[in-house]
Amino acid sequence: MGSAANESLSRLLGSEEAVLALLAWQQRAGRKLPWRETQDPYRIWVAETILQQTRIEQATPYLERFFGRFPTLEALATSSLDAVLAVWQGLGYYRRAHHLHQTARLLVERGGWEAYLAGQDPVARLETLPGIGPYTARAIVVFSGRGAYLPVDGNVTRVLSRLVGMTVPASERKKYQALADELPESWRSREVAFALMDLANQACFPRKPRCVACPLQRFCTAYQQAQPEAYPPKKPRRPRPVRAFRFLLYATPQAVWLEKRPEEGLWSGLWCLPMEELPTLRSTPPDFVHELTHFRLAGYIERLPSPPPQATPILWDRLAACGLPAPLQRLLTHEAKGHRSPFLG
Ligand code: SF4
C-alpha cells in the first residue's frame, strides 16, 4: 500500500465515528436477509456457497429448497450426491454442489463443526476443506460469532479500495483480505461486514456510486479526490495477439465434410472444418473473428470444388450430435438450413 493510502487508512480507522456512522446507516437502510438471522455455521456455509456467483433473487428459492431437503449437516452428509445435484439443478457452477457434499461428509466424519471452530485459528482449519476459501472461512467464523473478521468479497474490495484509496486491482483480493485482517476489532464484526456489503449494493456501485447517500463520504479518499470510479484500478489487459486460420468448406445438400481435431491443442477432440494456420492475416477482412483465451482467431472460409482429403462426410441431420467449436457451429447451422451464412460471402 502506498503512503497516501496508509494515511487515509489511519484517518479512517482512527475515527470510531466512521464505524458508528456506518452502523447507524445499516440500521436505517440495510437489507434484512433471512440467512443473516442465523448463527448456525451449517446454514451460513450453505448460504455463502450458494450466493457465490449468484444473484440474491436467483439464490433465494434455491436456499429454501436446499434447507427444506437438507435441514442439517448430517442430513446433507447422509444424502446421495445425485440428491444434492437434483436440488442444485439450474444453479450452475456444479463444482460448488460437489464440494458441499464432500465437505459435509468430511465434517461429520471428523467430529462436526466443533472440530474446526474451537481453538486457535479456525479460519486456517476451515480453509483445508474442499470449496472453503478465505472469504467463506472468515464468513463462517464471524457470522457464527466465533471470531472477529471482515470477510472480503468483490463488493467489500471495491468499498475498501475507495475508502482508503488503495491502488491495487480488485483481482488481487488477497491483498484486500490482508488489509481487512489487520483492521482494529471494531471493524471486524458481522454487523460491519453486513453494512459494507449493503453499502456496496445500495450506494457504492461499480459505476456512478451514490456518494450523496453514503455514511462514509467524509472519510472516503476516492470521494475526496472526486474520482470514486478510479478505484479499484482496472488491471491493464494485454492485447491478445491475432492469429489467422483458413477453413476448408465442402458441402452438398446432404452432408458437410469435417475432420476431428487432435486430442491436444486448439479445439481438441471437436469436429471442425479442415483448418490450417496462415503465416499472416490476409489483405481481405476475415469471414469471422472468434475470441479465445490467449488469442483472437481470424477465420477465412475457402469453398472447395471437391472433398478435402482425410475429411469425413457428416450428414446434416447428424451435425447436432457432433461437438463443434462455437463459431463453426453457428456457421454450419446457417449452411445446413440452406442459407448461405453471412460469414461465407
Ligand atoms: S463516498 Fe462514494 S465512493 Fe466513497 S465509499 Fe461512499 S459511495 Fe463509495
# chains A, B, ... in the order shown; residues from 1 in each chain; ligands from 1
call {"tool": "residues_near_ligand", "arguments": {"ligand": "ligand 1", "cutoff": "10 Å", "atoms": "only C-alpha atoms and all ligand atoms", "output": "MDAnalysis selection string"}}
result
chainID A and resid 156 158:165 196 199:231
call {"tool": "residues_around", "arguments": {"residues": "A:Arg69", "least_positions_apart": "6", "cutoff": "10 Å", "atoms": "only C-alpha atoms", "output": "PyMOL selection string"}}
result
chain A and resi 63+75-76+79+83-84+87
call {"tool": "write_last_selection", "arguments": {"atoms": "N, CA and C atoms", "output": "mmCIF file, in the first residue's frame"}}
result
data_model
loop_
_atom_site.group_PDB
_atom_site.id
_atom_site.type_symbol
_atom_site.label_atom_id
_atom_site.label_comp_id
_atom_site.auth_asym_id
_atom_site.auth_seq_id
_atom_site.Cartn_x
_atom_site.Cartn_y
_atom_site.Cartn_z
ATOM 1 N N LEU A 63 -32.028 -21.618 -1.879
ATOM 2 C CA LEU A 63 -31.715 -21.761 -0.455
ATOM 3 C C LEU A 63 -32.888 -22.406 0.271
ATOM 4 N N ALA A 75 -27.969 -34.380 7.597
ATOM 5 C CA ALA A 75 -28.890 -34.727 6.500
ATOM 6 C C ALA A 75 -28.175 -34.599 5.153
ATOM 7 N N LEU A 76 -27.330 -33.583 5.021
ATOM 8 C CA LEU A 76 -26.596 -33.408 3.758
ATOM 9 C C LEU A 76 -25.555 -34.520 3.595
ATOM 10 N N SER A 79 -26.978 -37.884 2.500
ATOM 11 C CA SER A 79 -27.714 -37.950 1.229
ATOM 12 C C SER A 79 -26.767 -38.333 0.099
ATOM 13 N N ALA A 83 -28.916 -36.653 -5.139
ATOM 14 C CA ALA A 83 -29.995 -35.884 -4.492
ATOM 15 C C ALA A 83 -29.590 -34.414 -4.378
ATOM 16 N N VAL A 84 -28.305 -34.156 -4.076
ATOM 17 C CA VAL A 84 -27.834 -32.770 -3.962
ATOM 18 C C VAL A 84 -27.888 -32.101 -5.338
ATOM 19 N N VAL A 87 -31.337 -30.974 -6.425
ATOM 20 C CA VAL A 87 -31.788 -29.700 -5.843
ATOM 21 C C VAL A 87 -31.046 -28.522 -6.484
#
call {"tool": "select_by_dssp", "arguments": {"residues": "stretch 164-338 of chain A", "states": "alpha helix (DSSP H)", "output": "PyMOL selection string"}}
result
chain A and resi 164+173-181+190-202+221-224+326-336
call {"tool": "closest_atom_pairs", "arguments": {"of": "stretch 52-151 of chain A", "to": "stretch 35-44 of chain A", "cutoff": "9 Å", "atoms": "only C-alpha atoms", "output": "JSON lines"}}
result
{"residue": "A:Leu63", "atom": "CA", "partner": "A:Trp35", "partner_atom": "CA", "distance": 8.9}
{"residue": "A:Phe67", "atom": "CA", "partner": "A:Arg43", "partner_atom": "CA", "distance": 8.0}
{"residue": "A:Pro71", "atom": "CA", "partner": "A:Arg43", "partner_atom": "CA", "distance": 8.5}
{"residue": "A:Thr72", "atom": "CA", "partner": "A:Tyr42", "partner_atom": "CA", "distance": 7.0}
{"residue": "A:Leu73", "atom": "CA", "partner": "A:Tyr42", "partner_atom": "CA", "distance": 6.1}
{"residue": "A:Trp113", "atom": "CA", "partner": "A:Pro41", "partner_atom": "CA", "distance": 7.4}
{"residue": "A:Thr136", "atom": "CA", "partner": "A:Ile44", "partner_atom": "CA", "distance": 8.9}
{"residue": "A:Ala139", "atom": "CA", "partner": "A:Ile44", "partner_atom": "CA", "distance": 7.6}
{"residue": "A:Ile140", "atom": "CA", "partner": "A:Pro41", "partner_atom": "CA", "distance": 5.7}
{"residue": "A:Val141", "atom": "CA", "partner": "A:Pro41", "partner_atom": "CA", "distance": 7.7}
{"residue": "A:Phe143", "atom": "CA", "partner": "A:Gln39", "partner_atom": "CA", "distance": 6.1}
{"residue": "A:Ser144", "atom": "CA", "partner": "A:Gln39", "partner_atom": "CA", "distance": 4.2}
{"residue": "A:Gly145", "atom": "CA", "partner": "A:Gln39", "partner_atom": "CA", "distance": 6.8}
call {"tool": "closest_residue", "arguments": {"among": "A:Arg96, A:Lys337, A:Arg65, A:Arg330", "to": "A:Asp317", "atoms": "only C-alpha atoms"}}
result
A:Lys337
call {"tool": "residues_around", "arguments": {"residues": "A:Pro307", "least_positions_apart": "3", "cutoff": "9 Å", "atoms": "only C-alpha atoms", "output": "ChimeraX atom specification"}}
result
/A:249-251,256-257,304,310-313
call {"tool": "write_last_selection", "arguments": {"atoms": "N, CA and C atoms", "output": "tab-separated table (two decimals), in the first residue's frame"}}
result
chain	number	residue	atom	x	y	z
A	249	LEU	N	-14.20	-25.57	-46.75
A	249	LEU	CA	-15.61	-25.96	-46.70
A	249	LEU	C	-16.00	-26.65	-48.00
A	250	TYR	N	-16.42	-27.91	-47.84
A	250	TYR	CA	-17.03	-28.61	-48.97
A	250	TYR	C	-18.33	-29.20	-48.45
A	251	ALA	N	-19.43	-28.83	-49.10
A	251	ALA	CA	-20.73	-29.30	-48.65
A	251	ALA	C	-21.61	-29.62	-49.84
A	256	VAL	N	-21.75	-32.35	-45.00
A	256	VAL	CA	-20.61	-31.43	-44.97
A	256	VAL	C	-19.40	-32.26	-44.56
A	257	TRP	N	-18.23	-31.92	-45.08
A	257	TRP	CA	-17.03	-32.73	-44.81
A	257	TRP	C	-16.23	-32.13	-43.63
A	304	LEU	N	-14.43	-25.37	-51.43
A	304	LEU	CA	-13.69	-26.26	-52.33
A	304	LEU	C	-14.63	-26.88	-53.35
A	310	GLN	N	-8.90	-36.71	-46.37
A	310	GLN	CA	-8.95	-37.10	-44.96
A	310	GLN	C	-10.13	-36.54	-44.17
A	311	ALA	N	-11.05	-35.85	-44.86
A	311	ALA	CA	-12.23	-35.37	-44.12
A	311	ALA	C	-13.34	-36.41	-44.25
A	312	THR	N	-14.29	-36.35	-43.35
A	312	THR	CA	-15.37	-37.34	-43.31
A	312	THR	C	-16.69	-36.64	-43.62
A	313	PRO	N	-17.50	-37.24	-44.51
A	313	PRO	CA	-18.81	-36.60	-44.74
A	313	PRO	C	-19.73	-36.82	-43.52
call {"tool": "closest_residue", "arguments": {"among": "A:Ala170, A:Ala336, A:Leu107, A:Leu248", "to": "A:Pro309", "atoms": "only C-alpha atoms"}}
result
A:Leu248
call {"tool": "closest_residue", "arguments": {"among": "A:Leu150, A:Ile56, A:Leu324, A:Leu129", "to": "A:Glu182", "atoms": "only C-alpha atoms"}}
result
A:Leu150
call {"tool": "atom_distance", "arguments": {"atom1": "atom CA of A:Ala255", "atom2": "atom CA of A:Trp316"}}
result
5.1 Å
call {"tool": "decode", "arguments": {"residues": "stretch 114-131 of chain A", "atoms": "N, CA and C atoms", "output": "compact mmCIF listing (two decimals), in the first residue's frame"}}
result
# COMPACT_ATOMS: atom_id res chain seq x y z
N GLU A 114 -17.46 -28.35 15.55
CA GLU A 114 -16.62 -28.00 16.70
C GLU A 114 -15.15 -28.36 16.46
N ALA A 115 -14.94 -29.43 15.72
CA ALA A 115 -13.55 -29.84 15.46
C ALA A 115 -12.81 -28.76 14.67
N TYR A 116 -13.55 -27.93 14.00
CA TYR A 116 -12.93 -26.88 13.18
C TYR A 116 -13.03 -25.49 13.80
N LEU A 117 -14.12 -25.26 14.54
CA LEU A 117 -14.35 -23.90 15.04
C LEU A 117 -13.75 -23.64 16.41
N ALA A 118 -13.53 -24.70 17.20
CA ALA A 118 -12.99 -24.48 18.54
C ALA A 118 -11.47 -24.30 18.45
N GLY A 119 -10.92 -23.60 19.40
CA GLY A 119 -9.46 -23.47 19.47
C GLY A 119 -8.91 -22.38 18.59
N GLN A 120 -7.58 -22.44 18.43
CA GLN A 120 -6.86 -21.39 17.69
C GLN A 120 -7.11 -21.49 16.18
N ASP A 121 -7.13 -20.38 15.56
CA ASP A 121 -7.15 -20.23 14.11
C ASP A 121 -8.14 -21.13 13.35
N PRO A 122 -9.42 -20.98 13.65
CA PRO A 122 -10.41 -21.79 12.92
C PRO A 122 -10.42 -21.51 11.41
N VAL A 123 -10.03 -20.27 11.02
CA VAL A 123 -10.04 -19.95 9.59
C VAL A 123 -9.08 -20.86 8.83
N ALA A 124 -7.86 -21.01 9.37
CA ALA A 124 -6.87 -21.85 8.68
C ALA A 124 -7.37 -23.29 8.57
N ARG A 125 -8.05 -23.77 9.64
CA ARG A 125 -8.53 -25.16 9.58
C ARG A 125 -9.68 -25.30 8.57
N LEU A 126 -10.58 -24.34 8.57
CA LEU A 126 -11.71 -24.41 7.62
C LEU A 126 -11.21 -24.35 6.18
N GLU A 127 -10.16 -23.58 5.95
CA GLU A 127 -9.66 -23.44 4.58
C GLU A 127 -9.07 -24.73 4.02
N THR A 128 -8.87 -25.73 4.87
CA THR A 128 -8.35 -27.01 4.35
C THR A 128 -9.49 -27.84 3.73
N LEU A 129 -10.74 -27.41 3.94
CA LEU A 129 -11.87 -28.22 3.44
C LEU A 129 -12.22 -27.85 2.00
N PRO A 130 -12.65 -28.84 1.20
CA PRO A 130 -12.96 -28.55 -0.20
C PRO A 130 -14.02 -27.46 -0.35
N GLY A 131 -13.75 -26.50 -1.20
CA GLY A 131 -14.73 -25.45 -1.52
C GLY A 131 -14.77 -24.31 -0.51
